[in-house]
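Below: target01.tsv (TSV, C-alpha atoms and all ligand atoms)
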chain	number	residue	atom	x	y	z
Y	611	MET	CA	-30.61	46.27	75.57
Y	612	THR	CA	-30.66	45.01	71.99
Y	613	LEU	CA	-33.55	46.50	70.05
Y	614	LEU	CA	-32.92	45.10	66.60
Y	615	SER	CA	-31.18	41.88	65.76
Y	616	LEU	CA	-30.49	40.38	62.33
Y	617	ALA	CA	-29.12	36.85	62.20
Y	618	GLY	CA	-27.94	35.32	58.94
Y	619	VAL	CA	-30.30	37.46	56.88
Y	620	THR	CA	-30.12	36.50	53.21
Y	621	VAL	CA	-32.03	37.98	50.28
Y	622	ARG	CA	-31.70	36.85	46.67
Y	623	PHE	CA	-33.21	38.40	43.57
Y	624	GLY	CA	-33.62	37.04	40.09
Y	625	ASP	CA	-34.53	33.57	38.92
Y	626	ARG	CA	-33.20	30.36	40.38
Y	627	LYS	CA	-30.70	29.88	37.56
Y	628	ALA	CA	-29.05	33.29	37.96
Y	629	PRO	CA	-29.74	34.52	41.49
Y	630	ARG	CA	-28.25	37.80	42.69
Y	631	THR	CA	-27.47	37.87	46.37
Y	632	ALA	CA	-28.46	41.29	47.71
Y	633	LEU	CA	-27.86	40.31	51.35
Y	634	ASP	CA	-25.51	37.48	52.20
Y	635	ALA	CA	-25.93	36.08	55.73
Y	636	VAL	CA	-25.93	39.48	57.44
Y	637	ASP	CA	-25.59	39.58	61.24
Y	638	LEU	CA	-26.24	42.91	62.94
Y	639	GLU	CA	-27.36	44.05	66.37
Y	640	ILE	CA	-28.50	47.52	67.30
Y	641	ALA	CA	-28.88	48.61	70.90
Y	642	GLU	CA	-31.63	50.84	72.15
Y	643	HIS	CA	-30.81	54.56	71.66
Y	644	GLU	CA	-27.98	53.72	69.28
Y	645	ILE	CA	-27.51	55.57	65.98
Y	646	VAL	CA	-26.14	53.16	63.39
Y	647	CYS	CA	-25.28	54.21	59.88
Y	648	VAL	CA	-24.90	51.68	57.09
Y	649	LEU	CA	-22.41	52.93	54.54
Y	650	GLY	CA	-21.61	51.42	51.17
Y	651	PRO	CA	-21.51	51.96	47.44
Y	652	SER	CA	-24.62	51.82	45.30
Y	653	GLY	CA	-25.91	48.25	44.97
Y	654	SER	CA	-24.23	46.95	48.14
Y	655	GLY	CA	-27.58	46.04	49.72
Y	656	LYS	CA	-28.29	48.99	52.00
Y	657	SER	CA	-31.88	49.65	50.96
Y	658	THR	CA	-32.67	45.94	50.93
Y	659	LEU	CA	-31.48	45.76	54.54
Y	660	LEU	CA	-33.90	48.52	55.59
Y	661	ARG	CA	-36.75	47.00	53.63
Y	662	VAL	CA	-36.20	43.66	55.35
Y	663	VAL	CA	-36.35	45.29	58.79
Y	664	ALA	CA	-39.47	47.24	57.84
Y	665	GLY	CA	-41.17	44.08	56.56
Y	666	LEU	CA	-41.33	45.33	52.96
Y	667	GLN	CA	-38.98	42.62	51.73
Y	668	GLU	CA	-39.18	38.89	52.43
Y	669	VAL	CA	-36.01	37.05	53.38
Y	670	ASP	CA	-34.66	33.87	51.80
Y	671	GLY	CA	-32.94	32.98	55.03
Y	672	GLY	CA	-32.19	34.23	58.52
Y	673	ARG	CA	-34.18	36.06	61.14
Y	674	VAL	CA	-35.11	39.64	62.09
Y	675	SER	CA	-36.04	40.29	65.72
Y	676	LEU	CA	-37.28	43.47	67.38
Y	677	ASP	CA	-37.12	43.55	71.18
Y	678	GLY	CA	-36.35	39.82	71.02
Y	679	VAL	CA	-39.51	39.01	69.06
Y	680	ASP	CA	-39.11	37.25	65.71
Y	681	GLN	CA	-40.74	39.46	63.06
Y	682	ALA	CA	-41.52	36.68	60.58
Y	683	GLY	CA	-45.12	37.20	59.49
Y	684	VAL	CA	-45.46	40.53	61.33
Y	685	PRO	CA	-46.88	43.08	58.86
Y	686	VAL	CA	-45.23	46.46	58.22
Y	687	HIS	CA	-47.68	48.53	60.26
Y	688	ARG	CA	-47.33	46.31	63.34
Y	689	ARG	CA	-43.53	46.53	63.56
Y	690	GLY	CA	-43.43	49.99	65.13
Y	691	VAL	CA	-40.71	51.20	62.81
Y	692	GLY	CA	-40.63	54.55	61.02
Y	693	LEU	CA	-39.25	54.85	57.52
Y	694	MET	CA	-38.05	57.87	55.62
Y	695	PHE	CA	-36.81	57.46	52.07
Y	696	GLN	CA	-34.63	59.67	49.92
Y	697	ASP	CA	-37.56	60.80	47.79
Y	698	HIS	CA	-39.55	61.64	50.88
Y	699	GLN	CA	-42.83	61.84	48.95
Y	700	LEU	CA	-44.80	64.34	50.95
Y	701	PHE	CA	-48.46	64.51	50.01
Y	702	PRO	CA	-48.53	67.58	47.75
Y	703	GLN	CA	-52.25	68.23	48.22
Y	704	ARG	CA	-51.95	68.35	52.02
Y	705	ASP	CA	-50.42	71.21	54.00
Y	706	VAL	CA	-47.49	70.73	56.38
Y	707	GLY	CA	-49.75	69.86	59.32
Y	708	GLY	CA	-51.69	67.33	57.23
Y	709	ASN	CA	-48.47	65.61	56.24
Y	710	VAL	CA	-47.06	65.44	59.77
Y	711	ALA	CA	-50.37	64.22	61.21
Y	712	PHE	CA	-50.76	61.46	58.61
Y	713	GLY	CA	-49.53	58.55	60.74
Y	714	LEU	CA	-51.42	59.82	63.77
Y	715	ARG	CA	-54.68	59.97	61.85
Y	716	MET	CA	-54.12	56.42	60.58
Y	717	ARG	CA	-53.79	55.31	64.20
Y	718	GLY	CA	-57.02	57.03	65.22
Y	719	VAL	CA	-55.39	59.66	67.44
Y	720	SER	CA	-57.90	62.37	68.46
Y	721	ARG	CA	-57.91	65.72	66.61
Y	722	ASP	CA	-56.78	67.68	69.67
Y	723	GLU	CA	-53.94	65.28	70.32
Y	724	GLN	CA	-52.96	65.41	66.62
Y	725	ALA	CA	-52.80	69.20	66.70
Y	726	ARG	CA	-50.72	69.18	69.86
Y	727	ARG	CA	-48.26	66.61	68.47
Y	728	VAL	CA	-47.93	68.43	65.15
Y	729	GLU	CA	-46.98	71.70	66.91
Y	730	GLU	CA	-44.50	69.85	69.10
Y	731	LEU	CA	-42.87	68.06	66.15
Y	732	LEU	CA	-42.64	71.17	64.00
Y	733	ASP	CA	-40.89	72.93	66.91
Y	734	LEU	CA	-38.57	69.97	67.20
Y	735	VAL	CA	-37.49	70.00	63.55
Y	736	GLY	CA	-37.09	73.76	63.49
Y	737	LEU	CA	-40.27	74.72	61.64
Y	738	PRO	CA	-42.42	76.30	64.37
Y	739	GLY	CA	-45.78	77.60	63.18
Y	740	ALA	CA	-45.46	76.03	59.71
Y	741	ARG	CA	-48.50	73.76	59.94
Y	742	GLY	CA	-50.67	75.76	57.53
Y	743	ARG	CA	-48.03	76.13	54.81
Y	744	ALA	CA	-48.29	74.35	51.44
Y	745	VAL	CA	-45.56	71.73	51.05
Y	746	SER	CA	-45.02	72.65	47.41
Y	747	LEU	CA	-43.79	76.08	48.49
Y	748	LEU	CA	-41.18	74.77	50.91
Y	749	SER	CA	-37.46	74.58	50.16
Y	750	GLY	CA	-35.76	71.18	49.85
Y	751	GLY	CA	-34.38	71.43	53.38
Y	752	GLU	CA	-37.78	72.39	54.79
Y	753	GLN	CA	-39.46	69.48	53.00
Y	754	GLN	CA	-36.86	67.17	54.49
Y	755	ARG	CA	-37.72	68.44	57.96
Y	756	VAL	CA	-41.43	67.89	57.36
Y	757	ALA	CA	-40.73	64.34	56.17
Y	758	LEU	CA	-38.71	63.75	59.32
Y	759	ALA	CA	-41.48	65.14	61.55
Y	760	ARG	CA	-43.94	62.85	59.77
Y	761	ALA	CA	-41.73	59.80	60.36
Y	762	LEU	CA	-41.23	60.72	64.04
Y	763	ALA	CA	-44.91	61.50	64.75
Y	764	PRO	CA	-46.06	57.95	65.63
Y	765	ARG	CA	-43.04	57.66	68.00
Y	766	PRO	CA	-41.48	54.65	66.25
Y	767	ARG	CA	-39.26	52.48	68.43
Y	768	LEU	CA	-36.84	52.31	65.49
Y	769	LEU	CA	-36.45	55.09	62.95
Y	770	MET	CA	-34.97	54.09	59.61
Y	771	LEU	CA	-33.64	56.62	57.14
Y	772	ASP	CA	-32.69	55.71	53.56
Y	773	GLU	CA	-30.33	58.33	52.10
Y	774	PRO	CA	-32.35	60.94	53.98
Y	775	LEU	CA	-30.34	63.93	52.84
Y	776	GLY	CA	-29.33	62.64	49.43
Y	777	GLN	CA	-31.05	65.31	47.39
Y	778	LEU	CA	-29.88	68.33	49.33
Y	779	ASP	CA	-26.82	70.38	48.57
Y	780	ARG	CA	-23.67	69.77	50.54
Y	781	SER	CA	-23.70	72.71	52.96
Y	782	LEU	CA	-27.34	72.12	53.92
Y	783	ARG	CA	-26.65	68.42	54.38
Y	784	GLU	CA	-23.72	69.10	56.65
Y	785	ARG	CA	-25.85	71.41	58.79
Y	786	LEU	CA	-28.88	69.09	58.93
Y	787	VAL	CA	-26.82	66.06	59.86
Y	788	VAL	CA	-25.49	67.82	62.96
Y	789	GLU	CA	-29.03	68.92	63.88
Y	790	LEU	CA	-30.34	65.40	63.36
Y	791	ARG	CA	-27.74	63.86	65.62
Y	792	ALA	CA	-28.57	66.35	68.37
Y	793	LEU	CA	-32.29	65.77	67.88
Y	794	PHE	CA	-32.02	61.97	68.04
Y	795	GLY	CA	-29.85	62.29	71.13
Y	796	ARG	CA	-32.49	64.45	72.83
Y	797	LEU	CA	-35.33	62.10	71.92
Y	798	GLY	CA	-33.36	58.92	72.63
Y	799	THR	CA	-34.45	57.61	69.22
Y	800	THR	CA	-32.87	54.41	67.96
Y	801	VAL	CA	-31.82	55.04	64.38
Y	802	LEU	CA	-30.75	52.86	61.49
Y	803	ALA	CA	-29.73	55.08	58.59
Y	804	VAL	CA	-28.15	54.22	55.26
Y	805	THR	CA	-26.05	56.41	53.02
Y	806	HIS	CA	-23.31	56.18	50.41
Y	807	ASP	CA	-21.77	59.37	51.78
Y	808	GLN	CA	-19.05	58.73	54.33
Y	809	GLY	CA	-19.08	62.29	55.66
Y	810	GLU	CA	-22.77	61.96	56.43
Y	811	ALA	CA	-22.33	58.54	58.06
Y	812	PHE	CA	-19.40	59.65	60.20
Y	813	ALA	CA	-21.16	62.81	61.36
Y	814	LEU	CA	-24.42	61.06	62.23
Y	815	ALA	CA	-23.48	57.67	63.63
Y	816	ASP	CA	-22.41	56.21	66.95
Y	817	ARG	CA	-21.44	53.17	64.91
Y	818	VAL	CA	-20.79	52.68	61.22
Y	819	VAL	CA	-21.45	49.48	59.27
Y	820	VAL	CA	-19.64	49.31	55.92
Y	821	MET	CA	-21.29	47.06	53.33
Y	822	HIS	CA	-19.77	45.47	50.27
Y	823	GLU	CA	-21.71	43.22	47.89
Y	824	GLY	CA	-24.35	42.24	50.42
Y	825	ARG	CA	-21.94	41.57	53.27
Y	826	ILE	CA	-20.68	43.56	56.20
Y	827	ALA	CA	-17.10	44.53	55.43
Y	828	GLN	CA	-16.49	46.30	58.74
Y	829	THR	CA	-18.30	47.68	61.74
Y	830	GLY	CA	-16.98	50.09	64.36
Y	831	THR	CA	-17.15	53.63	65.62
Y	832	PRO	CA	-16.46	56.27	62.97
Y	833	LEU	CA	-13.01	56.78	64.51
Y	834	GLU	CA	-12.16	53.06	64.49
Y	835	VAL	CA	-13.21	52.63	60.88
Y	836	TRP	CA	-11.41	55.77	59.81
Y	837	GLN	CA	-8.19	54.93	61.64
Y	838	ARG	CA	-8.14	51.21	60.94
Y	839	PRO	CA	-9.99	50.25	57.76
Y	840	ALA	CA	-10.35	46.46	57.81
Y	841	SER	CA	-9.67	45.84	54.15
Y	842	ALA	CA	-8.45	47.37	50.91
Y	843	PHE	CA	-12.08	47.74	49.88
Y	844	VAL	CA	-12.97	49.77	52.97
Y	845	ALA	CA	-9.81	51.86	52.66
Y	846	ARG	CA	-10.49	52.74	49.03
Y	847	PHE	CA	-14.18	53.33	49.71
Y	848	LEU	CA	-13.25	55.85	52.39
Y	849	GLY	CA	-11.21	57.65	49.77
Y	850	PHE	CA	-7.72	56.52	50.75
Y	851	GLU	CA	-5.52	56.18	47.69
Y	852	ASN	CA	-2.20	54.96	49.06
Y	853	VAL	CA	-3.09	51.26	49.00
Y	854	VAL	CA	-0.38	48.96	47.63
Y	855	PRO	CA	0.80	45.35	47.74
Y	856	ALA	CA	3.69	44.87	50.15
Y	857	THR	CA	5.81	42.29	51.93
Y	858	VAL	CA	6.26	42.76	55.66
Y	859	VAL	CA	9.30	41.42	57.47
Y	860	GLY	CA	9.59	42.49	61.10
Y	861	GLY	CA	8.92	46.21	61.40
Y	862	VAL	CA	9.48	47.05	57.74
Y	863	ALA	CA	7.40	46.62	54.60
Y	864	ASP	CA	8.90	46.32	51.17
Y	865	THR	CA	6.61	48.41	48.92
Y	866	PRO	CA	6.66	49.95	45.44
Y	867	TRP	CA	7.79	53.15	47.20
Y	868	GLY	CA	10.69	51.39	48.89
Y	869	ARG	CA	10.97	50.47	52.55
Y	870	VAL	CA	8.09	51.67	54.77
Y	871	PRO	CA	8.04	51.18	58.56
Y	872	VAL	CA	4.96	49.41	59.97
Y	873	PRO	CA	3.53	49.45	63.52
Y	874	PRO	CA	4.79	46.83	65.97
Y	875	GLY	CA	2.79	43.58	65.83
Y	876	SER	CA	1.72	44.01	62.18
Y	877	PRO	CA	0.90	40.86	60.18
Y	878	GLN	CA	3.89	39.47	58.32
Y	879	GLY	CA	4.40	38.34	54.74
Y	880	ALA	CA	2.44	39.32	51.63
Y	881	VAL	CA	-0.17	41.95	52.57
Y	882	THR	CA	-1.97	45.00	51.31
Y	883	LEU	CA	-0.70	48.18	52.91
Y	884	LEU	CA	-2.35	51.55	53.51
Y	885	VAL	CA	-0.30	54.67	54.08
Y	886	ARG	CA	-2.60	57.35	55.43
Y	887	PRO	CA	-1.87	60.77	53.88
Y	888	GLY	CA	-0.67	62.06	57.26
Y	889	GLY	CA	1.99	59.32	57.28
Y	890	VAL	CA	3.95	60.93	54.46
Y	891	ARG	CA	6.51	63.40	55.87
Y	892	LEU	CA	8.94	65.70	54.18
Y	893	SER	CA	12.48	64.55	54.79
Y	894	PRO	CA	14.66	67.32	56.19
Y	895	ALA	CA	17.18	67.15	53.36
Y	896	PRO	CA	15.59	66.10	50.07
Y	897	ALA	CA	17.75	63.68	48.16
Y	898	ARG	CA	19.26	65.00	44.96
Y	899	ALA	CA	19.30	62.73	41.95
Y	900	PRO	CA	22.17	60.35	42.56
Y	901	ALA	CA	23.53	58.77	39.40
Y	902	PRO	CA	23.06	55.93	38.86
Y	903	ALA	CA	19.98	55.84	41.14
Y	904	PRO	CA	20.06	53.04	43.74
Y	905	ALA	CA	16.85	51.35	44.91
Y	906	PRO	CA	14.89	54.07	46.71
Y	907	ASP	CA	15.25	53.90	50.46
Y	908	PRO	CA	13.01	56.37	52.28
Y	909	ALA	CA	14.63	55.51	55.59
Y	910	ALA	CA	17.82	57.18	54.37
Y	911	ALA	CA	17.58	60.31	52.23
Y	912	GLY	CA	13.92	60.03	51.41
Y	913	LEU	CA	11.92	59.03	48.36
Y	914	ARG	CA	12.19	61.69	45.68
Y	915	CYS	CA	8.84	62.98	44.43
Y	916	ALA	CA	7.61	65.61	42.03
Y	917	VAL	CA	4.76	67.72	43.46
Y	918	GLU	CA	1.81	67.25	41.13
Y	919	SER	CA	-0.98	69.19	42.82
Y	920	ARG	CA	-2.06	70.76	46.09
Y	921	THR	CA	-5.57	71.28	47.41
Y	922	PHE	CA	-6.63	73.21	50.49
Y	923	ARG	CA	-8.62	71.34	53.15
Y	924	GLY	CA	-9.09	73.89	55.90
Y	925	SER	CA	-5.81	74.32	57.74
Y	926	ARG	CA	-4.29	71.28	56.00
Y	927	VAL	CA	-3.22	70.83	52.41
Y	928	VAL	CA	-3.59	67.61	50.43
Y	929	VAL	CA	-0.66	67.18	48.08
Y	930	VAL	CA	-0.44	64.63	45.30
Y	931	LEU	CA	3.12	63.46	44.75
Y	932	ARG	CA	4.61	61.62	41.80
Y	933	PRO	CA	7.42	59.50	43.28
Y	934	GLU	CA	10.45	58.36	41.29
Y	935	ALA	CA	9.26	54.80	41.99
Y	936	GLY	CA	5.78	53.43	42.69
Y	937	PRO	CA	2.29	54.84	42.17
Y	938	ARG	CA	1.11	58.35	43.01
Y	939	LEU	CA	1.20	59.23	46.68
Y	940	GLU	CA	-1.40	61.28	48.50
Y	941	ALA	CA	0.09	63.31	51.33
Y	942	GLU	CA	-1.28	65.80	53.81
Y	943	PHE	CA	0.70	68.67	55.29
Y	944	ASP	CA	0.21	71.69	57.46
Y	945	LEU	CA	-0.48	74.83	55.50
Y	946	ARG	CA	2.96	76.26	56.31
Y	947	GLU	CA	5.04	73.27	55.25
Y	948	ALA	CA	3.08	72.12	52.18
Y	949	PRO	CA	5.32	72.13	49.11
Y	950	TRP	CA	4.32	73.96	45.94
Y	951	GLU	CA	3.21	72.42	42.67
Y	952	GLY	CA	6.03	71.78	40.25
Y	953	GLY	CA	8.59	71.49	43.04
Y	954	GLU	CA	10.56	68.45	44.12
Y	955	VAL	CA	10.67	66.97	47.63
Y	956	GLY	CA	12.01	63.95	49.49
Y	957	VAL	CA	9.59	62.06	51.72
Y	958	THR	CA	9.77	59.48	54.49
Y	959	PHE	CA	7.01	57.48	56.16
Y	960	VAL	CA	5.85	57.22	59.78
Y	961	ALA	CA	4.78	53.82	61.07
Y	962	ASP	CA	1.90	55.25	63.16
Y	963	GLU	CA	0.00	56.19	60.03
Y	964	VAL	CA	0.65	52.94	58.18
Y	965	VAL	CA	-2.02	50.23	58.35
Y	966	VAL	CA	-1.43	46.63	57.33
Y	967	LEU	CA	-4.83	45.64	56.00
Y	968	SER	CA	-6.03	42.24	57.05
Y	969	SER	CA	-7.68	41.41	53.77
Y	970	VAL	CA	-6.84	41.99	50.12
Y	971	ARG	CA	-10.47	42.15	48.93
F	1	LIG	P1	-28.17	49.96	47.72
F	1	LIG	O1	-29.33	50.51	48.47
F	1	LIG	O2	-26.95	49.72	48.56
F	1	LIG	O3	-27.82	50.78	46.52
F	1	LIG	P2	-29.96	47.78	47.09
F	1	LIG	O4	-30.30	47.15	48.37
F	1	LIG	O5	-30.98	48.70	46.48
F	1	LIG	O6	-28.55	48.49	47.16
F	1	LIG	O7	-29.66	46.64	46.01
F	1	LIG	C1	-28.79	45.57	46.25
F	1	LIG	C2	-28.78	44.65	45.02
F	1	LIG	O8	-30.05	44.03	44.87
F	1	LIG	C3	-28.52	45.38	43.73
F	1	LIG	O9	-27.77	44.53	42.91
F	1	LIG	C4	-29.90	45.58	43.16
F	1	LIG	O10	-29.85	45.67	41.76
F	1	LIG	C5	-30.63	44.34	43.63
F	1	LIG	N1	-32.07	44.60	43.84
F	1	LIG	C6	-32.60	45.42	44.76
F	1	LIG	N2	-33.94	45.38	44.74
F	1	LIG	C7	-34.28	44.51	43.74
F	1	LIG	C8	-35.51	44.03	43.20
F	1	LIG	N3	-36.69	44.43	43.69
F	1	LIG	N4	-35.44	43.14	42.17
F	1	LIG	C9	-34.26	42.72	41.69
F	1	LIG	N5	-33.07	43.12	42.15
F	1	LIG	C10	-33.06	44.00	43.17
F	2	MG	MG	-30.39	52.33	48.18

For the structure just supplied, provide its representation as structure tokens.
Amino acid sequence: MTLLSLAGVTVRFGDRKAPRTALDAVDLEIAEHEIVCVLGPSGSGKSTLLRVVAGLQEVDGGRVSLDGVDQAGVPVHRRGVGLMFQDHQLFPQRDVGGNVAFGLRMRGVSRDEQARRVEELLDLVGLPGARGRAVSLLSGGEQQRVALARALAPRPRLLMLDEPLGQLDRSLRERLVVELRALFGRLGTTVLAVTHDQGEAFALADRVVVMHEGRIAQTGTPLEVWQRPASAFVARFLGFENVVPATVVGGVADTPWGRVPVPPGSPQGAVTLLVRPGGVRLSPAPARAPAPAPAPDPAAAGLRCAVESRTFRGSRVVVVLRPEAGPRLEAEFDLREAPWEGGEVGVTFVADEVVVLSSVR
């Protein structure tokens, strides 16, 4: 069942002479119980998208429907959506219970029912018994939980989160995001969240929507987007660095690093190519400097590279290589095989980890 549907939604800012398109004909559908995370750089239109769904922003074109009902002219408080912003703006003069009960009071829920719901929600967000505490004395993470309880209290059919964990430090964010996903799963809440942090999006979402300049650049499960970025923009935004122009003929691409194998069925001709860091392998016998050097051919002895740096990532090591030809290469190796800084290695490429990107944007 589709809960939310956007069709051709367009929003422009600025005067008629110099309009800025914040959303450019955006189509998006969200199913009931789905957790969708919109990911994109600052200014790509993420907040505008949420504001349109909430009814806080008028559209210049297109349609927003909830449960199949066109929301044109439906005011914010009648849409049944919950909103939580980055600066969650708790009411400082009210205690925790007063903050959580806010939406219930506005809806005329009885005092007994309010008290019962507040206890239930505080249990849910991991703050049992906190209703009498002053919000100004809570930690950042605790305030975030109170804001979440407040947004959940009226049981919105769609919960929207705008950079919900943006102000918290990394380790707390990583913990909260896992808790949130479990919580939404338990409640069956439909969630539309936006963030510029890919780690957050991938940990939270069933489906990720990547935005670029007001348009959807890609949508898919976190795994699909991670394994197969649709464009150079998405690849770079996800932090991949090995993105180069290439010419594909058959199963081989001609690249600045020499010949690189590509998966069967890859698009042919002039393309943009991504080599995922795991696709760079140490060749068994590193090539020594032949004189004079022929065009590098990784399929043979391997591309010679100086090892510029190595960084631990858990049990893997990210190594930046400076090849004899072409731009810097980011590689990833097991702890045991990772070469040391200052050394020299030969590398080859594996087709499985090479992606021919469909677009050069
Ligand atoms: P994001 O949340 O992805 O950072 P926004 O949706 O806030 O992006 O903004 C998208 C674009 O629209 C940006 O260029 C921004 O400057 C512009 N914009 C957003 N809100 C307004 C506004 N109220 N008036 C004018 N321009 C705006
Ligand atoms: Mg924003």

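Selection of all polymer residues within 9 Å of ligand MG 2 (chain F) on the basis of all atoms listed in the file gives Pro651, Ser652, Gly653, Ser654, Gly655, Lys656, Ser657, Thr658, Gln696, Asp772, Glu773, Val804, Thr805 and His806 of chain Y.
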
Written selection (C-alpha atoms) as a short mmCIF file (atom, residue, chain, number, x, y, z; two decimals), in the frame of the given file:
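As a result, result.cif now contains:
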data_model
loop_
_atom_site.label_atom_id
_atom_site.label_comp_id
_atom_site.auth_asym_id
_atom_site.auth_seq_id
_atom_site.Cartn_x
_atom_site.Cartn_y
_atom_site.Cartn_z
CA PRO Y 651 -21.51 51.96 47.44
CA SER Y 652 -24.62 51.82 45.30
CA GLY Y 653 -25.91 48.25 44.97
CA SER Y 654 -24.23 46.95 48.14
CA GLY Y 655 -27.58 46.04 49.72
CA LYS Y 656 -28.29 48.99 52.00
CA SER Y 657 -31.88 49.65 50.96
CA THR Y 658 -32.67 45.94 50.93
CA GLN Y 696 -34.63 59.67 49.92
CA ASP Y 772 -32.69 55.71 53.56
CA GLU Y 773 -30.33 58.33 52.10
CA VAL Y 804 -28.15 54.22 55.26
CA THR Y 805 -26.05 56.41 53.02
CA HIS Y 806 -23.31 56.18 50.41
#

Edge lengths and centre in Å, axis-aligned, range 784-798 of chain Y plus 3 Å each side, as JSON:
{"center_x": -29.5, "center_y": 65.2, "center_z": 64.7, "size_x": 17.6, "size_y": 18.5, "size_z": 22.2}

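Point (-4.1, 68.3, 52.3) has the following residues at most 9 Å away: Pro887, Gly888, Arg920, Thr921, Phe922, Arg923, Gly924, Ser925, Arg926, Val927, Val928, Val929, Val930, Glu940, Ala941, Glu942, Phe943, Asp944, Leu945 and Ala948 of chain Y (atoms considered: all atoms listed in the file).
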
- Message: Hey, which residues sit close to ligand LIG 1 (chain F)? Say within 12 Å, counting only C-alpha atoms and all ligand atoms, and write them as JSON, numbers by chain.
- Response: {"Y": [620, 621, 622, 623, 624, 625, 628, 629, 630, 631, 632, 633, 634, 648, 649, 650, 651, 652, 653, 654, 655, 656, 657, 658, 659, 660, 661, 662, 666, 667, 668, 695, 696, 771, 772, 773, 803, 804, 805, 806, 807, 820, 821, 822, 823, 824, 825, 826]}

- Task: Neighbourhood query: residues within 6 Å of (1.1, 42.4, 55.3), file coordinates, counting all atoms listed in the file; return as a PyMOL selection string.
- Result: chain Y and resi 857-858+877-882+966

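Remark: for Ala845 in chain Y, the closest of the candidate residues Y:Leu884, Y:Leu833, Y:Gly809, Y:Pro871 is Y:Leu884 (distances computed over all atoms listed in the file).
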
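When only C-alpha atoms are used to measure the gap to Leu731 in chain Y, the shortest distance among Y:Arg704, Y:Arg626, Y:His687, Y:Arg760 belongs to Y:Arg760.
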
- Note on the structure: Counting all atoms listed in the file, closest pick from Y:Ser675, Y:Gln754, Y:Gln837, Y:Thr612 relative to Val710 in chain Y is Y:Gln754

- What does the distance from CA of Lys627 in chain Y to CA of Asp670 in chain Y come to in Å, to one decimal? 15.3 Å

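Interatomic distance, CA of Val955 in chain Y to CA of Arg891 in chain Y: 9.9 Å.
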
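Distance annotation: of Y:Leu748, Y:Leu892, Y:Val669, Y:Ile640, the residue with the minimal separation from Ala815 in chain Y is Y:Ile640; atom set is all atoms listed in the file.
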
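Between Arg755 in chain Y and the candidates Y:Asp733, Y:Glu934, Y:Glu851, Y:Asp722, the tightest atom-to-atom separation, counting all atoms listed in the file, involves Y:Asp733.
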
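Excluding Val646 in chain Y and any residue on its chain fewer than 3 positions from it, the residues at most 7 Å away by all atoms listed in the file are Val801, Leu802, Ala803, Ala815, Asp816, Arg817 and Val818 of chain Y.
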
Could you save the residues just selected, with C-alpha atoms, as a compact mmCIF listing (two decimals), in the coordinates of the input?
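Output file selection.txt follows:
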# COMPACT_ATOMS: atom_id res chain seq x y z
CA VAL Y 801 -31.82 55.04 64.38
CA LEU Y 802 -30.75 52.86 61.49
CA ALA Y 803 -29.73 55.08 58.59
CA ALA Y 815 -23.48 57.67 63.63
CA ASP Y 816 -22.41 56.21 66.95
CA ARG Y 817 -21.44 53.17 64.91
CA VAL Y 818 -20.79 52.68 61.22
